[in-house]
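Structure file start16.pdb with PDB, C-alpha atoms, pLDDT in the B column:
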MODEL        1
ATOM      1  CA  MET A   1     -12.899  -6.243 -22.810  1.00 37.00           C
ATOM      2  CA  ALA A   2     -12.879  -9.967 -22.110  1.00 41.00           C
ATOM      3  CA  ALA A   3     -14.241 -11.169 -18.809  1.00 48.00           C
ATOM      4  CA  VAL A   4     -12.662 -13.680 -16.436  1.00 53.00           C
ATOM      5  CA  ASN A   5     -14.866 -16.820 -16.331  1.00 57.00           C
ATOM      6  CA  GLY A   6     -17.836 -14.706 -17.403  1.00 67.00           C
ATOM      7  CA  ARG A   7     -17.190 -11.835 -15.002  1.00 78.00           C
ATOM      8  CA  SER A   8     -15.393  -8.496 -15.062  1.00 90.00           C
ATOM      9  CA  HIS A   9     -11.724  -7.984 -14.186  1.00 96.00           C
ATOM     10  CA  VAL A  10     -11.311  -6.633 -10.643  1.00 98.00           C
ATOM     11  CA  GLY A  11      -8.349  -4.555  -9.500  1.00 98.00           C
ATOM     12  CA  LEU A  12      -7.308  -3.659  -5.952  1.00 98.00           C
ATOM     13  CA  ALA A  13      -5.303  -0.496  -5.217  1.00 98.00           C
ATOM     14  CA  LEU A  14      -3.596  -0.429  -1.811  1.00 98.00           C
ATOM     15  CA  GLY A  15      -2.507   3.029  -0.694  1.00 97.00           C
ATOM     16  CA  GLY A  16       0.403   4.139   1.451  1.00 95.00           C
ATOM     17  CA  GLY A  17       0.306   5.095   5.109  1.00 92.00           C
ATOM     18  CA  VAL A  18       3.297   3.528   6.910  1.00 92.00           C
ATOM     19  CA  VAL A  19       2.129   1.395   9.881  1.00 93.00           C
ATOM     20  CA  ARG A  20      -1.493   2.080   8.972  1.00 94.00           C
ATOM     21  CA  GLY A  21      -0.871  -0.517   6.266  1.00 94.00           C
ATOM     22  CA  PHE A  22      -1.972  -3.181   8.762  1.00 95.00           C
ATOM     23  CA  ALA A  23      -5.505  -2.073   7.842  1.00 96.00           C
ATOM     24  CA  HIS A  24      -4.879  -3.607   4.403  1.00 97.00           C
ATOM     25  CA  VAL A  25      -4.634  -7.027   6.059  1.00 96.00           C
ATOM     26  CA  GLY A  26      -8.133  -6.565   7.466  1.00 97.00           C
ATOM     27  CA  VAL A  27      -9.426  -5.399   4.084  1.00 98.00           C
ATOM     28  CA  LEU A  28      -8.006  -8.419   2.261  1.00 98.00           C
ATOM     29  CA  SER A  29      -9.376 -10.840   4.832  1.00 97.00           C
ATOM     30  CA  VAL A  30     -12.947  -9.560   4.434  1.00 98.00           C
ATOM     31  CA  LEU A  31     -12.759  -9.474   0.615  1.00 98.00           C
ATOM     32  CA  ASP A  32     -11.536 -13.071   0.726  1.00 96.00           C
ATOM     33  CA  GLU A  33     -14.286 -14.163   3.130  1.00 97.00           C
ATOM     34  CA  ALA A  34     -16.896 -12.485   0.911  1.00 97.00           C
ATOM     35  CA  GLY A  35     -15.594 -14.231  -2.201  1.00 96.00           C
ATOM     36  CA  ILE A  36     -14.731 -10.979  -3.993  1.00 97.00           C
ATOM     37  CA  PRO A  37     -12.218 -11.919  -6.714  1.00 95.00           C
ATOM     38  CA  ILE A  38      -9.011  -9.938  -7.143  1.00 97.00           C
ATOM     39  CA  ASP A  39      -7.385 -10.182 -10.573  1.00 97.00           C
ATOM     40  CA  TYR A  40      -4.900  -7.291 -10.475  1.00 98.00           C
ATOM     41  CA  ILE A  41      -3.137  -5.533  -7.601  1.00 98.00           C
ATOM     42  CA  ALA A  42      -1.283  -2.233  -7.323  1.00 98.00           C
ATOM     43  CA  GLY A  43       0.457  -0.814  -4.273  1.00 98.00           C
ATOM     44  CA  ALA A  44       2.205   2.313  -3.102  1.00 98.00           C
ATOM     45  CA  SER A  45       4.561   2.396  -0.114  1.00 96.00           C
ATOM     46  CA  VAL A  46       3.275   0.004   2.571  1.00 96.00           C
ATOM     47  CA  GLY A  47       0.534  -0.996   0.129  1.00 97.00           C
ATOM     48  CA  ALA A  48       3.327  -2.451  -1.993  1.00 97.00           C
ATOM     49  CA  ILE A  49       4.401  -4.737   0.881  1.00 96.00           C
ATOM     50  CA  ILE A  50       0.931  -6.119   1.600  1.00 96.00           C
ATOM     51  CA  GLY A  51       0.024  -6.221  -2.093  1.00 97.00           C
ATOM     52  CA  ALA A  52       3.182  -8.140  -2.922  1.00 97.00           C
ATOM     53  CA  ALA A  53       2.423 -10.716  -0.231  1.00 96.00           C
ATOM     54  CA  TYR A  54      -1.015 -11.306  -1.750  1.00 97.00           C
ATOM     55  CA  ALA A  55       0.367 -11.371  -5.287  1.00 97.00           C
ATOM     56  CA  THR A  56       2.819 -14.133  -4.365  1.00 96.00           C
ATOM     57  CA  GLY A  57      -0.123 -16.367  -3.543  1.00 95.00           C
ATOM     58  CA  MET A  58       0.472 -16.151   0.207  1.00 94.00           C
ATOM     59  CA  LYS A  59      -2.651 -17.120   2.149  1.00 93.00           C
ATOM     60  CA  LEU A  60      -4.309 -14.541   4.403  1.00 91.00           C
ATOM     61  CA  PRO A  61      -3.328 -16.242   7.698  1.00 92.00           C
ATOM     62  CA  HIS A  62       0.287 -16.228   6.527  1.00 93.00           C
ATOM     63  CA  ILE A  63       0.054 -12.553   5.529  1.00 93.00           C
ATOM     64  CA  ALA A  64      -1.268 -11.735   9.018  1.00 89.00           C
ATOM     65  CA  GLN A  65       1.555 -13.772  10.530  1.00 89.00           C
ATOM     66  CA  MET A  66       4.088 -11.927   8.375  1.00 88.00           C
ATOM     67  CA  ALA A  67       2.625  -8.600   9.518  1.00 83.00           C
ATOM     68  CA  GLU A  68       3.040  -9.617  13.154  1.00 81.00           C
ATOM     69  CA  GLY A  69       6.790  -9.895  12.613  1.00 78.00           C
ATOM     70  CA  LEU A  70       7.229  -6.340  11.367  1.00 81.00           C
ATOM     71  CA  GLN A  71       9.297  -4.090  13.652  1.00 84.00           C
ATOM     72  CA  TRP A  72      11.398  -0.993  12.953  1.00 87.00           C
ATOM     73  CA  LEU A  73      14.604  -2.704  14.121  1.00 85.00           C
ATOM     74  CA  ARG A  74      14.022  -5.388  11.502  1.00 84.00           C
ATOM     75  CA  LEU A  75      13.391  -2.893   8.698  1.00 91.00           C
ATOM     76  CA  ALA A  76      15.518   0.226   9.189  1.00 95.00           C
ATOM     77  CA  LYS A  77      19.118   1.099  10.048  1.00 95.00           C
ATOM     78  CA  PRO A  78      20.385   4.574  10.998  1.00 95.00           C
ATOM     79  CA  VAL A  79      22.875   6.010   8.499  1.00 94.00           C
ATOM     80  CA  LEU A  80      25.121   9.032   8.156  1.00 87.00           C
ATOM     81  CA  SER A  81      23.921  10.407   4.835  1.00 89.00           C
ATOM     82  CA  ARG A  82      22.797  13.691   3.341  1.00 91.00           C
ATOM     83  CA  ASP A  83      19.990  11.749   1.651  1.00 93.00           C
ATOM     84  CA  GLY A  84      18.217  10.414   4.729  1.00 94.00           C
ATOM     85  CA  LEU A  85      18.319   9.438   8.374  1.00 95.00           C
ATOM     86  CA  VAL A  86      17.811   5.698   7.899  1.00 96.00           C
ATOM     87  CA  SER A  87      18.341   3.079   5.204  1.00 97.00           C
ATOM     88  CA  PHE A  88      15.791   0.447   4.183  1.00 97.00           C
ATOM     89  CA  ALA A  89      18.461  -2.015   3.042  1.00 97.00           C
ATOM     90  CA  LYS A  90      17.352  -4.243   5.949  1.00 96.00           C
ATOM     91  CA  LEU A  91      13.770  -4.043   4.685  1.00 95.00           C
ATOM     92  CA  GLU A  92      14.896  -5.174   1.238  1.00 97.00           C
ATOM     93  CA  ALA A  93      16.817  -8.110   2.736  1.00 96.00           C
ATOM     94  CA  TRP A  94      13.820  -9.072   4.887  1.00 94.00           C
ATOM     95  CA  LEU A  95      11.511  -8.942   1.854  1.00 95.00           C
ATOM     96  CA  ALA A  96      13.865 -11.172  -0.152  1.00 95.00           C
ATOM     97  CA  GLN A  97      13.983 -13.633   2.731  1.00 94.00           C
ATOM     98  CA  THR A  98      10.202 -13.569   3.247  1.00 93.00           C
ATOM     99  CA  PHE A  99       9.114 -13.820  -0.385  1.00 93.00           C
ATOM    100  CA  GLY A 100      12.183 -15.473  -1.835  1.00 91.00           C
ATOM    101  CA  HIS A 101      14.153 -13.700  -4.536  1.00 93.00           C
ATOM    102  CA  LEU A 102      11.064 -13.349  -6.695  1.00 97.00           C
ATOM    103  CA  HIS A 103      10.610 -11.240  -9.795  1.00 98.00           C
ATOM    104  CA  PHE A 104       7.321  -9.631 -10.834  1.00 98.00           C
ATOM    105  CA  GLU A 105       7.126 -12.232 -13.572  1.00 97.00           C
ATOM    106  CA  ASP A 106       6.978 -15.012 -10.925  1.00 97.00           C
ATOM    107  CA  LEU A 107       3.860 -13.737  -9.141  1.00 97.00           C
ATOM    108  CA  THR A 108       0.495 -15.504  -9.189  1.00 96.00           C
ATOM    109  CA  HIS A 109      -1.388 -12.210  -9.720  1.00 96.00           C
ATOM    110  CA  PRO A 110      -0.413  -9.332 -12.028  1.00 97.00           C
ATOM    111  CA  PHE A 111       1.060  -6.723  -9.690  1.00 98.00           C
ATOM    112  CA  VAL A 112       2.511  -3.241 -10.077  1.00 98.00           C
ATOM    113  CA  ILE A 113       4.238  -0.885  -7.666  1.00 98.00           C
ATOM    114  CA  VAL A 114       4.314   2.903  -7.857  1.00 98.00           C
ATOM    115  CA  ALA A 115       7.410   4.870  -6.839  1.00 98.00           C
ATOM    116  CA  THR A 116       8.411   8.505  -7.398  1.00 98.00           C
ATOM    117  CA  ASP A 117      11.412   9.774  -9.354  1.00 98.00           C
ATOM    118  CA  LEU A 118      13.059  12.411  -7.160  1.00 96.00           C
ATOM    119  CA  GLU A 119      14.902  13.949 -10.103  1.00 96.00           C
ATOM    120  CA  THR A 120      11.993  14.267 -12.557  1.00 96.00           C
ATOM    121  CA  ALA A 121       9.051  14.342 -10.081  1.00 94.00           C
ATOM    122  CA  GLU A 122       7.345  11.641 -12.152  1.00 96.00           C
ATOM    123  CA  PRO A 123       5.377   8.677 -10.822  1.00 96.00           C
ATOM    124  CA  VAL A 124       7.149   5.492 -11.907  1.00 98.00           C
ATOM    125  CA  VAL A 125       5.311   2.196 -12.400  1.00 98.00           C
ATOM    126  CA  LEU A 126       7.471  -0.832 -11.570  1.00 98.00           C
ATOM    127  CA  ASP A 127       6.218  -4.099 -13.048  1.00 97.00           C
ATOM    128  CA  SER A 128       9.244  -6.182 -13.981  1.00 97.00           C
ATOM    129  CA  GLY A 129      12.490  -7.387 -12.494  1.00 97.00           C
ATOM    130  CA  PRO A 130      13.289  -8.166  -8.834  1.00 97.00           C
ATOM    131  CA  LEU A 131      10.427  -7.562  -6.409  1.00 98.00           C
ATOM    132  CA  ALA A 132      12.234  -6.640  -3.164  1.00 98.00           C
ATOM    133  CA  PRO A 133      14.147  -3.546  -4.375  1.00 98.00           C
ATOM    134  CA  ALA A 134      11.008  -2.202  -6.072  1.00 98.00           C
ATOM    135  CA  ILE A 135       9.094  -2.439  -2.800  1.00 98.00           C
ATOM    136  CA  ARG A 136      11.968  -0.805  -0.937  1.00 98.00           C
ATOM    137  CA  ALA A 137      12.001   2.102  -3.385  1.00 98.00           C
ATOM    138  CA  SER A 138       8.253   2.678  -3.012  1.00 98.00           C
ATOM    139  CA  CYS A 139       8.543   2.723   0.808  1.00 97.00           C
ATOM    140  CA  SER A 140      11.457   5.182   1.025  1.00 97.00           C
ATOM    141  CA  VAL A 141       9.936   8.337   2.512  1.00 95.00           C
ATOM    142  CA  PRO A 142      12.068  11.273   1.240  1.00 93.00           C
ATOM    143  CA  GLY A 143      13.998  13.191   3.867  1.00 91.00           C
ATOM    144  CA  VAL A 144      13.744  10.269   6.289  1.00 94.00           C
ATOM    145  CA  VAL A 145      14.751   7.197   4.291  1.00 97.00           C
ATOM    146  CA  THR A 146      17.553   7.219   1.734  1.00 97.00           C
ATOM    147  CA  PRO A 147      16.225   6.903  -1.838  1.00 97.00           C
ATOM    148  CA  LEU A 148      17.194   3.984  -4.059  1.00 97.00           C
ATOM    149  CA  ARG A 149      18.843   4.175  -7.456  1.00 97.00           C
ATOM    150  CA  LEU A 150      16.949   1.626  -9.563  1.00 96.00           C
ATOM    151  CA  ASN A 151      16.774   1.232 -13.341  1.00 94.00           C
ATOM    152  CA  GLY A 152      18.667   4.484 -13.743  1.00 96.00           C
ATOM    153  CA  ARG A 153      16.208   6.484 -11.637  1.00 97.00           C
ATOM    154  CA  LEU A 154      16.505   7.886  -8.107  1.00 98.00           C
ATOM    155  CA  LEU A 155      13.324   6.543  -6.536  1.00 98.00           C
ATOM    156  CA  CYS A 156      11.438   7.306  -3.343  1.00 97.00           C
ATOM    157  CA  ASP A 157       8.005   6.753  -1.804  1.00 97.00           C
ATOM    158  CA  GLY A 158       5.230   6.152  -4.328  1.00 96.00           C
ATOM    159  CA  GLY A 159       2.773   8.030  -2.149  1.00 95.00           C
ATOM    160  CA  ILE A 160       4.431  11.325  -3.050  1.00 95.00           C
ATOM    161  CA  SER A 161       3.163  11.171  -6.638  1.00 96.00           C
ATOM    162  CA  ASN A 162       0.360   8.573  -6.591  1.00 97.00           C
ATOM    163  CA  ASN A 163      -0.745   7.356  -3.188  1.00 96.00           C
ATOM    164  CA  LEU A 164      -3.681   5.307  -4.480  1.00 97.00           C
ATOM    165  CA  PRO A 165      -2.565   3.743  -7.791  1.00 97.00           C
ATOM    166  CA  VAL A 166      -5.850   3.205  -9.601  1.00 98.00           C
ATOM    167  CA  ALA A 167      -4.718   4.282 -13.085  1.00 97.00           C
ATOM    168  CA  PRO A 168      -2.068   1.511 -13.410  1.00 97.00           C
ATOM    169  CA  LEU A 169      -4.805  -1.064 -12.730  1.00 98.00           C
ATOM    170  CA  ARG A 170      -6.908   0.329 -15.576  1.00 97.00           C
ATOM    171  CA  GLN A 171      -3.869  -0.031 -17.820  1.00 96.00           C
ATOM    172  CA  LEU A 172      -3.528  -3.670 -16.769  1.00 96.00           C
ATOM    173  CA  GLY A 173      -7.125  -4.271 -17.833  1.00 96.00           C
ATOM    174  CA  ALA A 174      -9.243  -3.847 -14.695  1.00 97.00           C
ATOM    175  CA  ASP A 175     -12.915  -3.092 -15.391  1.00 96.00           C
ATOM    176  CA  TYR A 176     -13.673  -2.418 -11.727  1.00 97.00           C
ATOM    177  CA  VAL A 177     -11.227  -1.018  -9.171  1.00 98.00           C
ATOM    178  CA  ILE A 178     -11.478  -1.114  -5.391  1.00 98.00           C
ATOM    179  CA  GLY A 179      -9.272   1.512  -3.740  1.00 98.00           C
ATOM    180  CA  VAL A 180      -8.155   1.352  -0.105  1.00 98.00           C
ATOM    181  CA  ASP A 181      -7.306   4.753   1.384  1.00 96.00           C
ATOM    182  CA  ILE A 182      -5.433   4.600   4.701  1.00 95.00           C
ATOM    183  CA  PHE A 183      -4.159   8.191   4.670  1.00 88.00           C
ATOM    184  CA  GLN A 184      -7.204  10.050   5.955  1.00 82.00           C
ATOM    185  CA  HIS A 185      -6.139  13.410   7.270  1.00 74.00           C
ATOM    186  CA  ALA A 186      -6.984  14.767  10.702  1.00 70.00           C
ATOM    187  CA  ALA A 187      -8.521  18.227  10.977  1.00 65.00           C
ATOM    188  CA  GLN A 188      -5.574  18.950  13.217  1.00 61.00           C
ATOM    189  CA  TRP A 189      -3.108  17.280  15.565  1.00 64.00           C
ATOM    190  CA  PRO A 190      -3.980  19.413  18.637  1.00 65.00           C
ATOM    191  CA  TYR A 191      -1.042  18.418  20.815  1.00 65.00           C
ATOM    192  CA  LEU A 192       1.348  19.674  18.112  1.00 67.00           C
ATOM    193  CA  GLY A 193      -0.013  23.218  18.043  1.00 71.00           C
ATOM    194  CA  PRO A 194       0.641  25.068  14.751  1.00 75.00           C
ATOM    195  CA  LEU A 195       2.736  22.126  13.522  1.00 76.00           C
ATOM    196  CA  GLY A 196      -0.412  20.043  13.756  1.00 74.00           C
ATOM    197  CA  ARG A 197      -2.033  22.169  11.071  1.00 77.00           C
ATOM    198  CA  GLY A 198       1.015  21.704   8.889  1.00 80.00           C
ATOM    199  CA  LEU A 199       0.940  17.949   9.358  1.00 76.00           C
ATOM    200  CA  ALA A 200      -2.749  17.876   8.444  1.00 79.00           C
ATOM    201  CA  ALA A 201      -1.962  19.818   5.253  1.00 83.00           C
ATOM    202  CA  ILE A 202       0.751  17.310   4.309  1.00 82.00           C
ATOM    203  CA  GLU A 203      -1.711  14.480   4.917  1.00 82.00           C
ATOM    204  CA  ILE A 204      -4.209  16.128   2.569  1.00 86.00           C
ATOM    205  CA  MET A 205      -1.603  16.506  -0.177  1.00 88.00           C
ATOM    206  CA  VAL A 206      -0.433  12.889   0.072  1.00 88.00           C
ATOM    207  CA  GLU A 207      -3.947  11.485   0.339  1.00 88.00           C
ATOM    208  CA  HIS A 208      -4.976  13.209  -2.902  1.00 89.00           C
ATOM    209  CA  SER A 209      -1.750  12.689  -4.855  1.00 91.00           C
ATOM    210  CA  GLY A 210      -2.347  10.989  -8.187  1.00 92.00           C
ATOM    211  CA  GLY A 211      -6.129  11.444  -8.062  1.00 93.00           C
ATOM    212  CA  GLY A 212      -6.852   7.832  -7.125  1.00 93.00           C
ATOM    213  CA  LEU A 213      -9.571   8.750  -4.629  1.00 93.00           C
ATOM    214  CA  GLU A 214     -11.773   9.999  -7.448  1.00 95.00           C
ATOM    215  CA  LYS A 215     -10.837   7.278  -9.951  1.00 96.00           C
ATOM    216  CA  ALA A 216     -11.730   4.204  -7.872  1.00 97.00           C
ATOM    217  CA  ASP A 217     -15.125   2.580  -8.487  1.00 97.00           C
ATOM    218  CA  CYS A 218     -15.401   1.743  -4.797  1.00 97.00           C
ATOM    219  CA  LEU A 219     -13.378   3.386  -2.051  1.00 97.00           C
ATOM    220  CA  ILE A 220     -12.734   1.601   1.228  1.00 98.00           C
ATOM    221  CA  ALA A 221     -11.601   4.148   3.809  1.00 96.00           C
ATOM    222  CA  PRO A 222     -11.049   2.766   7.320  1.00 96.00           C
ATOM    223  CA  ASP A 223     -11.571   5.311  10.095  1.00 93.00           C
ATOM    224  CA  LEU A 224      -7.883   6.106  10.605  1.00 91.00           C
ATOM    225  CA  SER A 225      -7.965   9.873  11.091  1.00 84.00           C
ATOM    226  CA  GLY A 226      -5.477  10.725  13.813  1.00 82.00           C
ATOM    227  CA  LYS A 227      -4.278   7.106  14.115  1.00 87.00           C
ATOM    228  CA  THR A 228      -0.604   6.242  14.410  1.00 86.00           C
ATOM    229  CA  TYR A 229       1.802   6.053  11.476  1.00 85.00           C
ATOM    230  CA  ILE A 230       4.699   4.569  13.437  1.00 87.00           C
ATOM    231  CA  ARG A 231       3.548   2.339  16.321  1.00 90.00           C
ATOM    232  CA  PHE A 232       3.634  -1.330  15.330  1.00 88.00           C
ATOM    233  CA  GLY A 233       1.981  -2.228  18.631  1.00 88.00           C
ATOM    234  CA  LYS A 234      -1.335  -0.923  17.260  1.00 92.00           C
ATOM    235  CA  ARG A 235      -1.510  -3.574  14.508  1.00 91.00           C
ATOM    236  CA  GLU A 236      -4.574  -5.391  15.898  1.00 93.00           C
ATOM    237  CA  GLU A 237      -6.579  -2.164  16.148  1.00 95.00           C
ATOM    238  CA  LEU A 238      -5.624  -1.187  12.598  1.00 95.00           C
ATOM    239  CA  ILE A 239      -6.492  -4.622  11.185  1.00 95.00           C
ATOM    240  CA  ALA A 240      -9.884  -4.445  12.916  1.00 96.00           C
ATOM    241  CA  LEU A 241     -10.585  -0.997  11.450  1.00 97.00           C
ATOM    242  CA  GLY A 242      -9.750  -2.324   7.986  1.00 97.00           C
ATOM    243  CA  ARG A 243     -12.166  -5.229   8.455  1.00 97.00           C
ATOM    244  CA  ALA A 244     -14.969  -2.974   9.709  1.00 98.00           C
ATOM    245  CA  ALA A 245     -14.697  -0.545   6.785  1.00 98.00           C
ATOM    246  CA  THR A 246     -14.645  -3.362   4.222  1.00 98.00           C
ATOM    247  CA  LYS A 247     -17.683  -5.145   5.657  1.00 98.00           C
ATOM    248  CA  LYS A 248     -19.696  -1.946   5.155  1.00 98.00           C
ATOM    249  CA  GLN A 249     -18.753  -1.843   1.468  1.00 98.00           C
ATOM    250  CA  ILE A 250     -19.326  -5.500   0.552  1.00 98.00           C
ATOM    251  CA  PRO A 251     -23.021  -5.024  -0.428  1.00 97.00           C
ATOM    252  CA  LEU A 252     -22.079  -2.110  -2.705  1.00 97.00           C
ATOM    253  CA  ILE A 253     -19.216  -4.017  -4.292  1.00 97.00           C
ATOM    254  CA  ARG A 254     -21.473  -6.998  -5.027  1.00 96.00           C
ATOM    255  CA  GLN A 255     -24.171  -4.756  -6.462  1.00 96.00           C
ATOM    256  CA  GLN A 256     -21.758  -2.887  -8.722  1.00 96.00           C
ATOM    257  CA  LEU A 257     -20.111  -6.076  -9.971  1.00 95.00           C
ATOM    258  CA  GLN A 258     -23.512  -7.549 -10.814  1.00 93.00           C
ATOM    259  CA  GLN A 259     -24.384  -4.408 -12.775  1.00 91.00           C
ATOM    260  CA  LEU A 260     -21.176  -4.747 -14.774  1.00 83.00           C
TER     261      LEU A 260
ENDMDL
END
What is this structure when it is put down as structure tokens?
Amino acid sequence: MAAVNGRSHVGLALGGGVVRGFAHVGVLSVLDEAGIPIDYIAGASVGAIIGAAYATGMKLPHIAQMAEGLQWLRLAKPVLSRDGLVSFAKLEAWLAQTFGHLHFEDLTHPFVIVATDLETAEPVVLDSGPLAPAIRASCSVPGVVTPLRLNGRLLCDGGISNNLPVAPLRQLGADYVIGVDIFQHAAQWPYLGPLGRGLAAIEIMVEHSGGGLEKADCLIAPDLSGKTYIRFGKREELIALGRAATKKQIPLIRQQLQQL
């Protein structure tokens, strides 16, 4: 496989985890500071939002500024529907306004998004056409957010079928893949009683969906066990945890890239 300027192709897989996605901003900032090149990007759910921002060529300070503006009232609208409690049509409109009405083909980095087909249970890789609706589809948590009919498929959250999309990066041509897992499960959520055990089990299933944890060459896993999924006010803490976890892995990443 051909190298890029004498080096290997590097892919970055950004996993889902709702508000925990702020940790991705910290991860990207440290990779950028360390001079680690990113050639290909893949994202699921919130990883699709942050990955798309990077793939547009947006600079890290602007991505952090964009993240500061995220609030539920800006993204979701309650609906009366048998398919969900809220709609992410506002999210799609905000994405189109933030990024412009871009298509995948307009991006500065090759980028793919993973969603899930609710009717066939298949993971669906989105890599062409308008960017905003593809991101919306990948973020639409089933049972909470109404799914989106796109390209003839009824699509929902990519994390259901492939929460850490490493395999699509291999298909793009990545020799080395860095995966960012922000869905670490808690042993339990004690204040929820028996429901806490159930929530932990769901976390385990989502975290391991698609097998990306085992397929990544390097896994960055910020210490997010028990951290919030829904409170935007915790963004600074989550960004800091992403930075801390990435700094620990920089020596390994450099070593492995040199060996390649």
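The spacing separating CA of Gly226 in chain A from CA of Leu73 in chain A amounts to 24.2 Å.
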Shell of 7 Å around range 212-215 of chain A, all atoms listed in the file, local chain residues under 3 positions omitted, as a PyMOL selection string: chain A and resi 164-166+208
Restricting the output to C-alpha atoms, write the selected residues as an mmCIF file, in the frame of the given file.
data_model
loop_
_atom_site.group_PDB
_atom_site.id
_atom_site.type_symbol
_atom_site.label_atom_id
_atom_site.label_comp_id
_atom_site.auth_asym_id
_atom_site.auth_seq_id
_atom_site.Cartn_x
_atom_site.Cartn_y
_atom_site.Cartn_z
ATOM 1 C CA LEU A 164 -3.681 5.307 -4.480
ATOM 2 C CA PRO A 165 -2.565 3.743 -7.791
ATOM 3 C CA VAL A 166 -5.850 3.205 -9.601
ATOM 4 C CA HIS A 208 -4.976 13.209 -2.902
#
For Gly100 in chain A: contacts at 10 Å, only C-alpha atoms, fewer than 6 positions along chain excluded, given as a ChimeraX atom specification: /A:56,93-94,131-132
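Running the PyMOL selection byres ((chain A and resi 13) around 7) on this file leaves A:Gly11, A:Leu12, A:Leu14, A:Gly15, A:Ile41, A:Ala42, A:Gly43, A:Leu164, A:Pro165, A:Val166, A:Ile178, A:Gly179, A:Val180 selected.
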Best match for closeness to Leu107 in chain A among A:Ala55, A:Ala186, A:Ala167, A:Ala201, counting only C-alpha atoms: A:Ala55
Closest of A:Leu60, A:Thr98, A:Ile160, A:Ala216 to Val114 in chain A - atom-to-atom distances counting only C-alpha atoms: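 Distance minimum relative to Val114 in chain A lands on A:Ile160.
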Just give me the gap between CA of Thr116 in chain A and CA of Arg82 in chain A in Å, one decimal is fine.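 Answer for the CA of Thr116 in chain A to CA of Arg82 in chain A separation: 18.7 Å.
Of the listed residues A:Ala221, A:Leu85, A:Met66, A:Val18, the one whose atoms come nearest to Ala244 in chain A is A:Ala221, with distances taken using all atoms listed in the file.
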Identify the residues around (-12.5, -1.8, 5.2) within a radius of 8 Å, measuring from only C-alpha atoms in the coordinates stated by the file, and give them as a list in words.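 Within 8 Å of (-12.5, -1.8, 5.2), the protein and nucleic acid residues are Ala23, His24, Gly26, Val27, Val30, Val180, Ile220, Ala221, Pro222, Leu241, Gly242, Arg243, Ala244, Ala245, Thr246, Lys247, Lys248 and Gln249 of chain A.
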Any chance you could work out the residue set of the PyMOL selection byres ((chain A and resi 117-129) around 9) here, as a PyMOL selection string? chain A and resi 102-105+110-116+130-131+134+142+147+153-158+160-162+168+210
May I have the selected residues written with C-alpha atoms, as a short mmCIF file (atom, residue, chain, number, x, y, z; two decimals), in the coordinates of the input?
data_model
loop_
_atom_site.label_atom_id
_atom_site.label_comp_id
_atom_site.auth_asym_id
_atom_site.auth_seq_id
_atom_site.Cartn_x
_atom_site.Cartn_y
_atom_site.Cartn_z
CA LEU A 102 11.06 -13.35 -6.70
CA HIS A 103 10.61 -11.24 -9.80
CA PHE A 104 7.32 -9.63 -10.83
CA GLU A 105 7.13 -12.23 -13.57
CA PRO A 110 -0.41 -9.33 -12.03
CA PHE A 111 1.06 -6.72 -9.69
CA VAL A 112 2.51 -3.24 -10.08
CA ILE A 113 4.24 -0.88 -7.67
CA VAL A 114 4.31 2.90 -7.86
CA ALA A 115 7.41 4.87 -6.84
CA THR A 116 8.41 8.51 -7.40
CA PRO A 130 13.29 -8.17 -8.83
CA LEU A 131 10.43 -7.56 -6.41
CA ALA A 134 11.01 -2.20 -6.07
CA PRO A 142 12.07 11.27 1.24
CA PRO A 147 16.23 6.90 -1.84
CA ARG A 153 16.21 6.48 -11.64
CA LEU A 154 16.50 7.89 -8.11
CA LEU A 155 13.32 6.54 -6.54
CA CYS A 156 11.44 7.31 -3.34
CA ASP A 157 8.01 6.75 -1.80
CA GLY A 158 5.23 6.15 -4.33
CA ILE A 160 4.43 11.32 -3.05
CA SER A 161 3.16 11.17 -6.64
CA ASN A 162 0.36 8.57 -6.59
CA PRO A 168 -2.07 1.51 -13.41
CA GLY A 210 -2.35 10.99 -8.19
#
What is the distance between CA of Phe88 in chain A and CA of Leu150 in chain A, in Å to one decimal?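 Interatomic distance here is 13.8 Å.
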Which residues would end up in the selection if the PyMOL selection byres ((chain A and resi 231) around 10) were applied here, given that I need the answer as a PyMOL selection string? chain A and resi 18-20+71-72+227-230+232-235
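The residue that comes closest to Ser225 in chain A, out of A:Asp32, A:Asp39, A:Asp181, A:Asp106 and on the basis of only C-alpha atoms, is A:Asp181.
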Compile the contact shell of Thr146 in chain A as a CSV table (one decimal) with C-alpha atoms, in the coordinates of the input: residues with an atom at most 7 Å away, counting all atoms listed in the file, same-chain residues fewer than 2 positions apart removed.
chain,number,residue,atom,x,y,z
A,83,ASP,CA,20.0,11.7,1.7
A,84,GLY,CA,18.2,10.4,4.7
A,86,VAL,CA,17.8,5.7,7.9
A,87,SER,CA,18.3,3.1,5.2
A,140,SER,CA,11.5,5.2,1.0
A,142,PRO,CA,12.1,11.3,1.2
A,144,VAL,CA,13.7,10.3,6.3
A,148,LEU,CA,17.2,4.0,-4.1
For Ala174 in chain A, find every residue with an atom within 6 Å (counting only C-alpha atoms), except residues of its own chain fewer than 2 positions away, and show them as a list in words.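 Returned residues: His9, Val10, Gly11, Leu169, Arg170 and Tyr176 of chain A.
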Considering all atoms listed in the file, can you say which of A:Ile253, A:Ala44, A:Ala34, A:Ala89 comes closest to Gly21 in chain A?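 Answer, going by the shortest atom-to-atom distance: A:Ala44.
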Among the residues A:Ile182, A:Val141, A:Met58, A:Leu70, the one that comes closest to Gly17 in chain A [using all atoms listed in the file]: A:Ile182
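For Leu91 in chain A, the non-local neighbours within 9 Å, defined as residues at least 6 positions apart in the same chain or in other chains and counting all atoms listed in the file, are Arg74, Leu75, Ala76, Ala132, Ile135 and Arg136 of chain A.
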